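What follows is a set of notes on a single structure, which appears directly below.
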Amino acid sequence: MLHAAVILALLTLALAWPVPILLARARWTARAPGTALALWQAVALAGGLSMIGALLAYGLIPFGATPGRGLAALGRAAVDTRLPPGAGFEHVFALCCAVILGTHLLLNLIATVIRSERQRRRHLTLVELLSQPYPEHAGTRVIDHAAPIAYCLPGATRSITVLSAGMLDLLTSDELRAVIAHEKAHLRQQHHTVLLAFKSWHSALPWFPIANRAENAVALLVEMLADDQARRVVDDGTLARAIVLVGTAGDPGAPTDALAPLSEAAHPADMVTPRVRRLGQEPLPLPARAAVLAVATALLAVPTALLLLA
């Protein structure tokens, strides 16, 4: 299994630094945000799997010829409290690191979900106390605030879109339709689940600079995906005006875009220019999108195959 451990370690290094850097700088992502988002998720999952898998494959070398046999032998060794010949400190250390890292990532994900759900419930309670229903759009509430604010609060049983009085005063009816369609798209496509996953990755590995870059890149991609849904309701010029007005007006500290209470990624004002600029670009051709999805599939398949077949 040594060759599998080496390949997984090299894949971990590639997915931890050069690949995310290149992907974050790529210009094609704005032309196919859904495809780019799938690739980012593949990079994150494959990176975590490779990192844990490299440690596991190396640690299991003395226990068996394949990971399956190694795990079975490890179980027997744990019962007998006796290590097989050739099992040294470095192998035990690698196995302990694999368990600790996997547990850390899993527990951090659970903690992030629980913490975010508590924040969402508290925020929903405050919104219901301080807002009024917006009769023209079901599931939408208006708070009496001068700053232009628009965001959504997702939930398992109930989701709402929140607008401010300042938003209603600032935008025309078409621009308001674009904003509402944008927020509804976030709810319908469950973007908060993707953001929570990358937020968890960032909080689990705060010393890992690429985790912050990934979280910001994904936050921008989900905004672009929601914009694409708004483009089905209004023309690009109207949507561009709405993006600029909402992203640059009002209180800079106020939440002015989707999922603001649940996301600590880049401020929406930092996303205005790339979101507006992409509206005039042609979508990425289908063959190119298919190639990217094939790469994403391969990224997930390679570490899985190495761990199962090594």
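To be explicit about the labels: the chains of the structure tokens are called A, B, and onward in the order shown, and within each one the residues are counted from 1, while ligands get numbers from 1 in the order they are shown.
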
*How would you write, as a VMD selection string, the set of residues in segment 25-268 of chain A that DSSP gives as helix (DSSP H, G or I)?*
chain A and resid 25 28 to 31 33 to 59 67 to 80 89 to 130 165 to 170 173 to 188 191 to 204 209 to 230 236 to 248 268

*Please provide as number ranges by chain all residues within 7 Å of segment 269-286 of chain A, with the sequence filter that same-chain residues fewer than 5 positions apart are discarded (counting only C-alpha atoms).*
A: 30-32, 220, 224, 236, 240, 243-244, 247-248

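Using only C-alpha atoms, the shortest contact distance between Leu74 of chain A and any of A:Ala288, A:Ala42, A:Leu60, A:Leu10 is found at A:Leu60.
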
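Within the 12 Å cut-off around Leu168 of chain A, using only C-alpha atoms and omitting residues fewer than 4 positions from it on the same chain, the listed residues are Tyr134, Glu136, Arg141, Val142, Ile143, Asp144, His145, Ala146, Ala147, Pro148, Ile149, Ala150, Val162, Leu163, Ser164, Thr172, Ser173, Asp174, Glu175, Leu176, Arg177, Val179, Ile180, Ala242, Leu245 and Val246 of chain A.
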
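With only C-alpha atoms taken into account, the protein and nucleic acid residues at most 12 Å from Leu13 of chain A (excluding it and anything under 4 positions from it in its own chain) are A:Val6, A:Ile7, A:Leu8, A:Ala9, A:Trp17, A:Pro18, A:Val19, A:Pro20, A:Val43, A:Ala46, A:Gly47, A:Gly48, A:Ser50, A:Met51, A:Ala54, A:Ile210.
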
_Could you list, as a ChimeraX atom specification, every residue within 8 Å of Ala178 of chain A, counting only C-alpha atoms and ignoring same-chain residues fewer than 5 positions away?_
/A:230-231,233-234,238-239,242

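Nearest-residue note for Ala65 of chain A: choosing from A:Leu309, A:Ala294, A:Cys96, A:Gln119, the minimum distance belongs to A:Leu309, counting only C-alpha atoms.
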
*Go ahead and compute the interatomic distance for atom CA of Leu196 of chain A and atom CA of Leu101 of chain A, in Å to one decimal.*
18.9 Å

Could you please write out, as a JSON list (two decimals) with C-alpha atoms, in the first residue's frame, every residue of segment 16-235 of chain A that DSSP assigns to strand (DSSP E or B)?
```json
[["chain", "number", "residue", "atom", "x", "y", "z"],
["A", 131, "SER", "CA", -41.13, 43.01, 10.42],
["A", 132, "GLN", "CA", -44.37, 42.86, 8.53],
["A", 133, "PRO", "CA", -45.44, 40.47, 5.75],
["A", 140, "THR", "CA", -41.34, 37.73, 2.20],
["A", 141, "ARG", "CA", -41.16, 40.14, 5.13],
["A", 142, "VAL", "CA", -40.23, 43.83, 5.35],
["A", 143, "ILE", "CA", -38.30, 45.44, 8.19],
["A", 150, "ALA", "CA", -32.13, 41.84, 1.19],
["A", 151, "TYR", "CA", -31.30, 38.34, 2.35],
["A", 152, "CYS", "CA", -32.90, 34.98, 2.95],
["A", 153, "LEU", "CA", -33.25, 32.78, 6.00],
["A", 160, "ILE", "CA", -38.31, 33.51, 4.34],
["A", 161, "THR", "CA", -36.90, 36.39, 2.32],
["A", 162, "VAL", "CA", -36.22, 39.61, 4.22],
["A", 163, "LEU", "CA", -36.35, 43.06, 2.64],
["A", 164, "SER", "CA", -35.99, 46.51, 4.17]]
```

_Ala36 of chain A environment, 9 Å, only C-alpha atoms, sequence neighbours closer than 3 positions dropped, as JSON, numbers by chain_ = {"A": [23, 28, 29, 30, 31, 32, 33, 39, 40, 41, 218, 221, 289, 292, 293]}

Would you put the residues from that selection into a file with N, CA and C atoms, as a PDB file, in the first residue's frame?
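New file result_10.pdb:
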```pdb
ATOM      1  N   LEU A  23      -7.755  27.520  -9.512  1.00  0.00           N
ATOM      2  CA  LEU A  23      -9.209  27.567  -9.686  1.00  0.00           C
ATOM      3  C   LEU A  23      -9.774  28.895  -9.223  1.00  0.00           C
ATOM      4  N   TRP A  28     -12.886  31.398 -16.339  1.00  0.00           N
ATOM      5  CA  TRP A  28     -14.008  30.667 -16.925  1.00  0.00           C
ATOM      6  C   TRP A  28     -15.105  30.379 -15.913  1.00  0.00           C
ATOM      7  N   THR A  29     -14.789  30.415 -14.615  1.00  0.00           N
ATOM      8  CA  THR A  29     -15.776  30.046 -13.601  1.00  0.00           C
ATOM      9  C   THR A  29     -17.006  30.947 -13.628  1.00  0.00           C
ATOM     10  N   ALA A  30     -16.813  32.227 -13.974  1.00  0.00           N
ATOM     11  CA  ALA A  30     -17.948  33.145 -14.046  1.00  0.00           C
ATOM     12  C   ALA A  30     -18.892  32.783 -15.183  1.00  0.00           C
ATOM     13  N   ARG A  31     -18.402  32.065 -16.176  1.00  0.00           N
ATOM     14  CA  ARG A  31     -19.235  31.677 -17.324  1.00  0.00           C
ATOM     15  C   ARG A  31     -19.978  30.370 -17.064  1.00  0.00           C
ATOM     16  N   ALA A  32     -19.584  29.654 -16.039  1.00  0.00           N
ATOM     17  CA  ALA A  32     -20.256  28.395 -15.685  1.00  0.00           C
ATOM     18  C   ALA A  32     -20.179  28.202 -14.184  1.00  0.00           C
ATOM     19  N   PRO A  33     -20.894  29.034 -13.410  1.00  0.00           N
ATOM     20  CA  PRO A  33     -20.769  28.960 -11.949  1.00  0.00           C
ATOM     21  C   PRO A  33     -21.217  27.629 -11.362  1.00  0.00           C
ATOM     22  N   LEU A  39     -16.872  21.583  -9.186  1.00  0.00           N
ATOM     23  CA  LEU A  39     -15.439  21.314  -9.137  1.00  0.00           C
ATOM     24  C   LEU A  39     -14.860  21.689  -7.780  1.00  0.00           C
ATOM     25  N   TRP A  40     -15.297  22.823  -7.219  1.00  0.00           N
ATOM     26  CA  TRP A  40     -14.824  23.217  -5.891  1.00  0.00           C
ATOM     27  C   TRP A  40     -15.201  22.166  -4.849  1.00  0.00           C
ATOM     28  N   GLN A  41     -16.416  21.647  -4.938  1.00  0.00           N
ATOM     29  CA  GLN A  41     -16.833  20.620  -3.984  1.00  0.00           C
ATOM     30  C   GLN A  41     -16.007  19.351  -4.152  1.00  0.00           C
ATOM     31  N   VAL A 218     -16.499  30.233  -3.346  1.00  0.00           N
ATOM     32  CA  VAL A 218     -17.790  29.551  -3.384  1.00  0.00           C
ATOM     33  C   VAL A 218     -18.924  30.537  -3.105  1.00  0.00           C
ATOM     34  N   LEU A 221     -19.661  32.283  -6.265  1.00  0.00           N
ATOM     35  CA  LEU A 221     -20.303  31.407  -7.241  1.00  0.00           C
ATOM     36  C   LEU A 221     -21.792  31.233  -6.951  1.00  0.00           C
ATOM     37  N   ARG A 289     -17.749  22.407 -20.285  1.00  0.00           N
ATOM     38  CA  ARG A 289     -18.385  22.088 -19.000  1.00  0.00           C
ATOM     39  C   ARG A 289     -18.341  20.596 -18.721  1.00  0.00           C
ATOM     40  N   VAL A 292     -14.902  19.689 -17.465  1.00  0.00           N
ATOM     41  CA  VAL A 292     -14.695  20.071 -16.065  1.00  0.00           C
ATOM     42  C   VAL A 292     -15.385  19.072 -15.140  1.00  0.00           C
ATOM     43  N   LEU A 293     -16.595  18.680 -15.480  1.00  0.00           N
ATOM     44  CA  LEU A 293     -17.312  17.698 -14.656  1.00  0.00           C
ATOM     45  C   LEU A 293     -16.590  16.349 -14.660  1.00  0.00           C
TER      46      LEU A 293
END
```

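Atom pair atom CA of Phe93 of chain A / atom CA of Thr66 of chain A: separated by 18.9 Å.
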
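For the set A:Ser203, A:Gly34, A:Gly86, A:Pro62, the residue with the smallest atom-to-atom gap to Thr112 of chain A is A:Ser203, counting only C-alpha atoms.
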
_Closest of A:Ala165, A:Leu45, A:Ile114, A:Ala185 to Phe198 of chain A - atom-to-atom distances counting only C-alpha atoms_ = A:Leu45

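Of the residues listed (A:Pro154, A:Gly59, A:Pro303, A:Gly64), A:Gly59 shows the shortest atom-to-atom separation from Val92 of chain A; distances use only C-alpha atoms.
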
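Put simply, atom CA of Asn216 of chain A is 17.4 Å away from atom CA of Gln190 of chain A.
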
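Closest approach to Ala94 of chain A among A:Leu55, A:Ala72, A:Leu300, A:Ala78: A:Leu55, based on only C-alpha atoms.
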